[in-house]
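What follows is work-v7.cif (mmCIF, C-alpha atoms).
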data_start
loop_
_atom_site.label_atom_id
_atom_site.label_comp_id
_atom_site.auth_asym_id
_atom_site.auth_seq_id
_atom_site.Cartn_x
_atom_site.Cartn_y
_atom_site.Cartn_z
CA MET X 1 -56.25 91.79 -158.68
CA ARG X 2 -57.88 94.33 -156.38
CA PRO X 3 -56.69 94.36 -152.77
CA LEU X 4 -58.82 92.45 -150.30
CA PRO X 5 -60.97 94.45 -147.90
CA GLU X 6 -59.84 94.51 -144.33
CA GLY X 7 -60.66 91.31 -142.49
CA VAL X 8 -60.90 89.14 -145.60
CA TYR X 9 -58.28 86.63 -146.72
CA PHE X 10 -57.91 84.10 -149.48
CA VAL X 11 -57.91 80.37 -149.21
CA ASN X 12 -55.34 79.94 -151.94
CA ARG X 13 -56.57 76.72 -153.52
CA SER X 14 -56.69 76.28 -157.30
CA GLU X 15 -59.50 73.70 -157.32
CA VAL X 16 -61.91 75.78 -155.28
CA GLN X 17 -65.07 76.87 -157.10
CA VAL X 18 -67.40 79.66 -156.10
CA PRO X 19 -71.02 80.75 -156.47
CA ALA X 20 -72.87 83.94 -157.37
CA GLY X 21 -76.17 85.04 -158.94
CA LEU X 22 -78.74 87.61 -160.06
CA THR X 23 -82.22 88.73 -158.99
CA GLU X 24 -84.67 91.63 -158.47
CA VAL X 25 -84.32 91.98 -154.70
CA GLU X 26 -85.00 95.46 -153.41
CA GLN X 27 -82.10 96.67 -151.33
CA ALA X 28 -81.58 99.96 -149.57
CA ALA X 29 -78.28 101.41 -148.50
CA CYS X 30 -77.58 101.61 -144.80
CA SER X 31 -74.62 103.08 -143.01
CA PRO X 32 -72.11 100.35 -142.08
CA ASN X 33 -71.77 99.24 -138.48
CA ASP X 34 -68.18 100.04 -137.58
CA ASP X 35 -68.54 98.62 -134.06
CA ILE X 36 -68.50 94.99 -135.28
CA ASP X 37 -65.16 93.30 -134.90
CA ILE X 38 -63.82 91.35 -137.90
CA GLU X 39 -60.40 89.91 -137.15
CA ARG X 40 -57.78 90.73 -139.77
CA VAL X 41 -55.78 87.89 -141.30
CA ASP X 42 -52.81 88.03 -143.68
CA ASP X 43 -53.75 87.91 -147.37
CA ASP X 44 -51.14 85.28 -148.25
CA LEU X 45 -52.33 82.66 -145.77
CA GLU X 46 -51.73 79.06 -146.90
CA VAL X 47 -54.60 76.75 -147.75
CA SER X 48 -56.57 75.60 -144.74
CA LYS X 49 -56.48 71.81 -144.55
CA ASP X 50 -59.96 71.57 -143.06
CA LEU X 51 -61.73 72.69 -146.24
CA SER X 52 -63.42 70.02 -148.33
CA ILE X 53 -64.58 70.04 -151.94
CA ASP X 54 -67.97 68.51 -152.73
CA ASP X 55 -68.08 65.61 -155.20
CA PHE X 56 -71.73 66.08 -156.16
CA CYS X 57 -72.24 64.69 -159.66
CA VAL X 58 -74.87 66.27 -161.88
CA LEU X 59 -76.37 64.13 -164.62
CA SER X 60 -75.96 65.27 -168.21
CA LYS X 61 -78.99 66.66 -170.02
CA GLU X 62 -79.01 63.60 -172.24
CA ARG X 63 -79.52 61.34 -169.21
CA LEU X 64 -82.11 63.57 -167.52
CA VAL X 65 -84.91 63.97 -170.04
CA ILE X 66 -87.61 66.61 -169.59
CA VAL X 67 -90.74 65.85 -171.61
CA PRO X 68 -91.81 68.94 -173.61
CA GLY X 69 -95.23 70.36 -172.92
CA VAL X 70 -97.18 73.35 -171.72
CA VAL X 71 -95.55 74.77 -168.60
CA THR X 72 -97.99 75.48 -165.79
CA THR X 73 -97.56 76.78 -162.26
CA ARG X 74 -95.93 74.40 -159.81
CA ILE X 75 -96.73 74.68 -156.09
CA ARG X 76 -94.81 72.67 -153.54
CA PRO X 77 -96.64 72.55 -150.19
CA ARG X 78 -94.93 73.21 -146.88
CA ARG X 79 -92.14 70.72 -146.29
CA ASP X 80 -89.05 70.34 -144.09
CA GLY X 81 -89.88 73.60 -142.32
CA PHE X 82 -90.02 75.64 -145.54
CA PRO X 83 -93.19 77.53 -146.47
CA ARG X 84 -94.89 76.58 -149.72
CA GLN X 85 -92.95 77.36 -152.88
CA VAL X 86 -94.72 78.72 -155.97
CA PHE X 87 -93.04 78.55 -159.38
CA ASP X 88 -94.98 80.48 -162.02
CA PRO X 89 -94.39 79.83 -165.74
CA LYS X 90 -92.18 82.92 -166.00
CA ASP X 91 -89.97 81.58 -163.17
CA ILE X 92 -89.73 78.16 -164.79
CA ALA X 93 -88.88 79.82 -168.11
CA CYS X 94 -86.15 81.80 -166.35
CA LEU X 95 -84.73 78.61 -164.89
CA SER X 96 -84.90 76.64 -168.14
CA SER X 97 -83.47 79.31 -170.42
CA PRO X 98 -79.76 78.61 -171.06
CA THR X 99 -78.79 82.28 -170.75
CA ALA X 100 -81.30 83.72 -168.27
CA CYS X 101 -80.31 85.17 -164.92
CA LEU X 102 -82.00 83.50 -161.98
CA ASN X 103 -84.49 85.54 -159.97
CA ASP X 104 -85.47 85.42 -156.30
CA VAL X 105 -88.10 82.74 -156.82
CA CYS X 106 -85.55 80.50 -158.54
CA ILE X 107 -82.95 81.00 -155.81
CA ASN X 108 -85.30 80.66 -152.83
CA GLY X 109 -87.47 77.93 -154.33
CA CYS X 110 -84.58 75.80 -155.60
CA ALA X 111 -82.83 76.21 -152.24
CA ALA X 112 -85.87 74.64 -150.56
CA LEU X 113 -85.97 71.79 -153.08
CA LEU X 114 -82.26 71.10 -152.69
CA TYR X 115 -82.58 71.11 -148.90
CA SER X 116 -85.21 68.38 -149.10
CA GLU X 117 -83.39 66.46 -151.80
CA LEU X 118 -79.77 66.52 -150.65
CA LYS X 119 -79.25 67.68 -147.05
CA LEU X 120 -77.43 65.16 -144.89
CA ALA X 121 -78.96 64.38 -141.49
CA THR X 122 -75.70 65.42 -139.84
CA VAL X 123 -75.80 68.91 -141.36
CA ASP X 124 -77.38 71.47 -139.02
CA CYS X 125 -78.07 74.55 -141.12
CA ALA X 126 -80.64 77.22 -141.94
CA ILE X 127 -81.05 78.68 -145.43
CA LEU X 128 -82.00 82.33 -145.25
CA SER X 129 -84.09 84.02 -147.90
CA THR X 130 -82.75 86.43 -150.50
CA TYR X 131 -84.91 89.06 -148.75
CA ASP X 132 -83.42 88.70 -145.26
CA LEU X 133 -80.28 90.80 -145.67
CA PRO X 134 -82.21 93.60 -147.46
CA ARG X 135 -84.56 93.72 -144.46
CA ILE X 136 -81.57 94.30 -142.20
CA ARG X 137 -80.20 96.96 -144.53
CA CYS X 138 -83.58 98.70 -144.54
CA ASN X 139 -83.86 98.44 -140.74
CA ALA X 140 -87.14 96.55 -140.89
CA ALA X 141 -89.16 96.16 -137.69
CA ASP X 142 -88.37 93.23 -135.39
CA GLU X 143 -91.84 91.71 -135.86
CA ARG X 144 -91.51 91.76 -139.63
CA ILE X 145 -88.09 90.11 -139.47
CA TRP X 146 -89.28 87.47 -137.00
CA ARG X 147 -92.41 86.70 -139.02
CA ASN X 148 -90.34 86.00 -142.12
CA ILE X 149 -87.47 84.02 -140.57
CA SER X 150 -88.72 82.26 -137.41
CA TRP X 151 -89.83 79.18 -139.38
CA THR X 152 -86.15 78.31 -139.98
CA PHE X 153 -85.40 77.96 -136.22
CA TYR X 154 -82.14 79.70 -137.16
CA TRP X 155 -81.13 80.31 -133.51
CA GLU X 156 -80.77 76.54 -133.08
CA LYS X 157 -78.57 76.06 -136.17
CA ASN X 158 -74.77 75.99 -136.34
CA VAL X 159 -74.61 77.12 -139.97
CA TRP X 160 -76.52 79.81 -141.86
CA ILE X 161 -76.52 80.12 -145.66
CA VAL X 162 -77.10 83.71 -146.82
CA PRO X 163 -77.65 84.40 -150.54
CA ILE X 164 -76.84 88.03 -151.33
CA HIS X 165 -77.81 90.17 -154.30
CA ARG X 166 -75.70 93.13 -155.39
CA PRO X 167 -78.11 95.36 -157.33
CA SER X 168 -75.40 97.71 -158.60
CA ASP X 169 -74.08 95.05 -160.96
CA SER X 170 -77.04 92.61 -160.80
CA HIS X 171 -74.92 89.88 -159.31
CA TRP X 172 -75.45 87.08 -156.78
CA VAL X 173 -72.95 86.00 -154.14
CA VAL X 174 -73.33 83.89 -151.03
CA CYS X 175 -72.01 83.84 -147.48
CA ILE X 176 -71.86 80.75 -145.27
CA ILE X 177 -71.87 81.58 -141.55
CA TYR X 178 -70.20 79.01 -139.27
CA PHE X 179 -70.93 79.70 -135.62
CA GLN X 180 -68.70 77.04 -134.09
CA THR X 181 -65.57 78.38 -135.79
CA LYS X 182 -66.82 82.01 -135.97
CA GLU X 183 -66.09 82.21 -139.70
CA LEU X 184 -67.78 83.77 -142.71
CA HIS X 185 -67.06 81.87 -145.93
CA LEU X 186 -67.48 84.22 -148.88
CA PHE X 187 -68.22 82.96 -152.40
CA ASP X 188 -68.28 85.10 -155.54
CA SER X 189 -68.10 83.40 -158.94
CA LEU X 190 -66.49 86.53 -160.38
CA ALA X 191 -63.90 86.66 -157.58
CA ASP X 192 -64.45 90.37 -156.98
CA GLN X 193 -63.22 91.00 -153.44
CA GLU X 194 -63.81 94.73 -153.03
CA PRO X 195 -67.62 94.65 -152.50
CA TRP X 196 -67.26 92.19 -149.61
CA GLU X 197 -66.11 94.94 -147.27
CA ASN X 198 -69.60 96.41 -146.89
CA ASP X 199 -71.29 93.03 -147.24
CA VAL X 200 -69.35 91.59 -144.31
CA LYS X 201 -70.35 94.50 -142.09
CA ASP X 202 -73.99 94.00 -143.04
CA ILE X 203 -73.75 90.24 -142.46
CA MET X 204 -72.40 90.80 -138.97
CA LYS X 205 -75.21 93.26 -138.36
CA LEU X 206 -77.65 90.56 -139.50
CA ILE X 207 -76.14 88.05 -137.08
CA GLU X 208 -76.42 90.47 -134.18
CA ARG X 209 -79.98 91.54 -135.05
CA PHE X 210 -81.30 88.03 -135.69
CA LEU X 211 -79.86 86.66 -132.46
CA THR X 212 -81.10 89.65 -130.46
CA ILE X 213 -84.62 89.13 -131.81
CA ALA X 214 -84.44 85.40 -131.03
CA ARG X 215 -83.16 86.03 -127.49
CA GLN X 216 -86.19 88.22 -126.79
CA ARG X 217 -88.35 85.16 -127.45
CA HIS X 218 -86.16 82.22 -126.40
CA SER X 219 -83.95 82.06 -123.34
CA GLY X 220 -80.41 80.82 -123.69
CA VAL X 221 -79.63 82.39 -127.07
CA GLN X 222 -76.00 83.54 -126.96
CA ILE X 223 -74.61 86.54 -128.86
CA ASP X 224 -70.83 86.65 -129.40
CA LEU X 225 -69.51 89.03 -132.05
CA GLU X 226 -65.88 89.00 -130.96
CA GLY X 227 -63.06 87.56 -133.08
CA TRP X 228 -64.96 86.59 -136.22
CA GLN X 229 -62.95 85.92 -139.41
CA SER X 230 -64.05 86.19 -143.01
CA ARG X 231 -62.55 84.04 -145.75
CA ALA X 232 -62.71 84.53 -149.50
CA LEU X 233 -62.75 81.02 -150.91
CA ASN X 234 -61.80 81.67 -154.55
CA VAL X 235 -58.85 83.54 -155.99
CA ASN X 236 -59.88 83.37 -159.65
CA PRO X 237 -63.28 83.67 -161.36
CA CYS X 238 -65.05 80.40 -162.12
CA GLN X 239 -67.65 82.12 -164.31
CA SER X 240 -66.89 83.71 -167.68
CA ASN X 241 -70.43 84.70 -168.73
CA ASP X 242 -72.90 87.17 -167.21
CA TYR X 243 -75.82 84.86 -166.40
CA ASP X 244 -74.71 81.78 -164.42
CA CYS X 245 -73.96 83.40 -161.08
CA GLY X 246 -77.23 82.27 -159.49
CA LEU X 247 -76.39 78.70 -160.44
CA TRP X 248 -73.05 79.00 -158.64
CA VAL X 249 -74.85 80.16 -155.49
CA LEU X 250 -77.05 77.05 -155.59
CA ALA X 251 -74.05 74.82 -156.34
CA VAL X 252 -72.32 76.04 -153.19
CA MET X 253 -75.52 75.53 -151.21
CA ILE X 254 -75.45 71.89 -152.31
CA ALA X 255 -71.87 71.55 -151.07
CA VAL X 256 -72.81 72.89 -147.64
CA LEU X 257 -75.95 70.76 -147.43
CA ARG X 258 -73.76 67.74 -148.13
CA GLY X 259 -71.31 68.65 -145.37
CA ARG X 260 -68.63 70.18 -147.61
CA HIS X 261 -67.28 73.70 -147.99
CA VAL X 262 -67.00 74.36 -151.73
CA THR X 263 -68.48 72.94 -154.91
CA GLY X 264 -66.54 70.68 -157.21
CA LEU X 265 -68.63 71.62 -160.25
CA HIS X 266 -67.02 73.44 -163.17
CA GLU X 267 -68.35 76.00 -165.61
CA ALA X 268 -68.78 73.40 -168.36
CA GLN X 269 -71.30 71.64 -166.10
CA MET X 270 -73.51 74.66 -165.47
CA SER X 271 -75.83 73.88 -168.39
CA ASP X 272 -76.41 70.37 -167.05
CA PHE X 273 -76.86 71.77 -163.54
CA ARG X 274 -79.49 74.23 -164.78
CA HIS X 275 -81.28 71.32 -166.46
CA TYR X 276 -81.15 69.34 -163.21
CA LEU X 277 -82.73 72.22 -161.26
CA CYS X 278 -85.44 72.66 -163.88
CA ASN X 279 -86.22 68.96 -163.64
CA LEU X 280 -86.62 69.27 -159.85
CA VAL X 281 -89.16 72.04 -160.31
CA LEU X 282 -91.07 70.26 -163.08
CA SER X 283 -91.23 67.14 -160.91
CA ILE X 284 -93.65 69.05 -158.67
CA PRO X 285 -97.23 68.19 -159.74
CA ALA X 286 -98.78 70.89 -161.88
CA ARG X 287 -101.52 72.98 -160.30
CA THR X 288 -104.94 71.96 -161.54
#
Write the structure described by the file as structure tokens, please.
Amino acid sequence: MRPLPEGVYFVNRSEVQVPAGLTEVEQAACSPNDDIDIERVDDDLEVSKDLSIDDFCVLSKERLVIVPGVVTTRIRPRRDGFPRQVFDPKDIACLSSPTACLNDVCINGCAALLYSELKLATVDCAILSTYDLPRIRCNAADERIWRNISWTFYWEKNVWIVPIHRPSDSHWVVCIIYFQTKELHLFDSLADQEPWENDVKDIMKLIERFLTIARQRHSGVQIDLEGWQSRALNVNPCQSNDYDCGLWVLAVMIAVLRGRHVTGLHEAQMSDFRHYLCNLVLSIPART
């Protein structure tokens, strides 16, 4: 097991599952921001009792029948604050293939569908796009960032969900940002801890930049970057193949939307989960 990067510690819980994924996001390297403070915690910390495992139950493929037919573009109009979602046939094919890696459309579009389908009224969260962290890494202009993220009202939310693509190994991971506890919950279905070191620095840079941009437009936005902790929530890999990582990202999103911390799904259920997501997309009326 590789050593954890500074500021990251394990929640040493055998049942905990984790997400990850794949996509074609364009990312550019940026120098890390060494001024951001991530509090260091011992690697052998005991399990935190406040973590909860989601009991979301996905129906088996046999019980969730998809009628075969010609696949056409699905367009979901604006809903629940999300812009319209467009699923082209190639995206639907990607989602329905048992061994295909999910792309950005699948991740972002399914996240919007799951938000509408499963989010509890008591959960106060914003789901960021797969393109938001790359914009920070590329130092995009404030107006461009604001134009693409303001619809989430992220500055009013207590929790942010950030899907992250690692282009070097074509892998998805996800970070859940909890503002009340000042914690970053880090999920990687392959349990590779080393890449989180740079990711965490970029995530903290995202927090600072997003809140600064919001404060320029809305009074009362607070920025506090002191004493944040990052927590790696899985010790062992929960994925043994090279194509399900995007599904794990979405599974963890479901857990958070349902007021939990980690998913209770297992690898044997990923095929059924993929089928469930495909059914959600195909339930959108076809474009005529």
Can you list, as number ranges by chain, every protein, DNA or RNA residue that comes within 7 Å of stretch 120-136 of chain X when you count all atoms listed in the file, leaving out same-chain residues fewer than 3 positions away? X: 25-28, 104, 108, 139-140, 152, 154, 157-164, 206, 257-259
Evaluate the PyMOL selection byres ((chain X and resi 224) around 10) against this structure - the residues, as a ChimeraX atom specification, please. /X:179,182,207-208,211,222-223,225-228
Pairwise distance, atom CA of X:Asn198 with atom CA of X:Ile254, equals 25.8 Å
Residue IDs satisfying the PyMOL selection byres ((chain X and resi 88-99) around 8), as a PDB file with C-alpha atoms, keeping the file's coordinate frame:
ATOM      1  CA  VAL X  71     -95.550  74.770-168.600  1.00  0.00           C
ATOM      2  CA  THR X  72     -97.990  75.480-165.790  1.00  0.00           C
ATOM      3  CA  THR X  73     -97.560  76.780-162.260  1.00  0.00           C
ATOM      4  CA  ARG X  74     -95.930  74.400-159.810  1.00  0.00           C
ATOM      5  CA  VAL X  86     -94.720  78.720-155.970  1.00  0.00           C
ATOM      6  CA  PHE X  87     -93.040  78.550-159.380  1.00  0.00           C
ATOM      7  CA  ALA X 100     -81.300  83.720-168.270  1.00  0.00           C
ATOM      8  CA  CYS X 101     -80.310  85.170-164.920  1.00  0.00           C
ATOM      9  CA  LEU X 102     -82.000  83.500-161.980  1.00  0.00           C
ATOM     10  CA  ASN X 103     -84.490  85.540-159.970  1.00  0.00           C
ATOM     11  CA  VAL X 105     -88.100  82.740-156.820  1.00  0.00           C
ATOM     12  CA  CYS X 106     -85.550  80.500-158.540  1.00  0.00           C
ATOM     13  CA  TYR X 243     -75.820  84.860-166.400  1.00  0.00           C
ATOM     14  CA  ASP X 244     -74.710  81.780-164.420  1.00  0.00           C
ATOM     15  CA  SER X 271     -75.830  73.880-168.390  1.00  0.00           C
ATOM     16  CA  ARG X 274     -79.490  74.230-164.780  1.00  0.00           C
ATOM     17  CA  HIS X 275     -81.280  71.320-166.460  1.00  0.00           C
ATOM     18  CA  LEU X 277     -82.730  72.220-161.260  1.00  0.00           C
ATOM     19  CA  CYS X 278     -85.440  72.660-163.880  1.00  0.00           C
ATOM     20  CA  VAL X 281     -89.160  72.040-160.310  1.00  0.00           C
TER      21      VAL X 281
END
Residue with smallest distance to X:Ser116 - pool X:Gly246, X:Gly81, X:Ile177, X:Ala268, counting all atoms listed in the file: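 Ranked by minimum distance to X:Ser116, first place goes to X:Gly81.
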Across X:Ala286, X:Trp151, X:Ala251, X:Leu184, the smallest distance to X:Gln269, with all atoms listed in the file counted, is shown by X:Ala251
For X:Leu113, find every residue with an atom within 8 Å (counting all atoms listed in the file), except residues of its own chain fewer than 4 positions away, and show them as a compact mmCIF listing (two decimals) with C-alpha atoms, in the frame of the given file.
# COMPACT_ATOMS: atom_id res chain seq x y z
CA GLY X 109 -87.47 77.93 -154.33
CA GLU X 117 -83.39 66.46 -151.80
CA LEU X 280 -86.62 69.27 -159.85
CA VAL X 281 -89.16 72.04 -160.31
Considering only C-alpha atoms, return as a PyMOL selection string whatever protein or nucleic-acid residues lie within 12 Å of X:Asp54, sequence-local ones (same chain, fewer than 2 positions apart) excluded. chain X and resi 15-18+51-52+56-58+251-266
Can you measure atom CA of X:Glu183 to atom CA of X:Ser230 for me? One decimal in Å is fine. 5.6 Å
What does the distance between atom CA of X:Asp188 and atom CA of X:Cys110 come to in Å, to one decimal place? 18.8 Å
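When only C-alpha atoms are used to measure the gap to X:Tyr178, the shortest distance among X:Arg287, X:Arg137, X:Arg209, X:Arg231 belongs to X:Arg231.
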Between X:Ser170, X:Gln85, X:Ser60, X:Ser150, which is the closest to X:Cys245 once you count all atoms listed in the file? X:Ser170
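Remark: for X:Asn234, the closest of the candidate residues X:Trp196, X:Tyr115, X:Phe187, X:Trp172 is X:Phe187 (distances computed over all atoms listed in the file).
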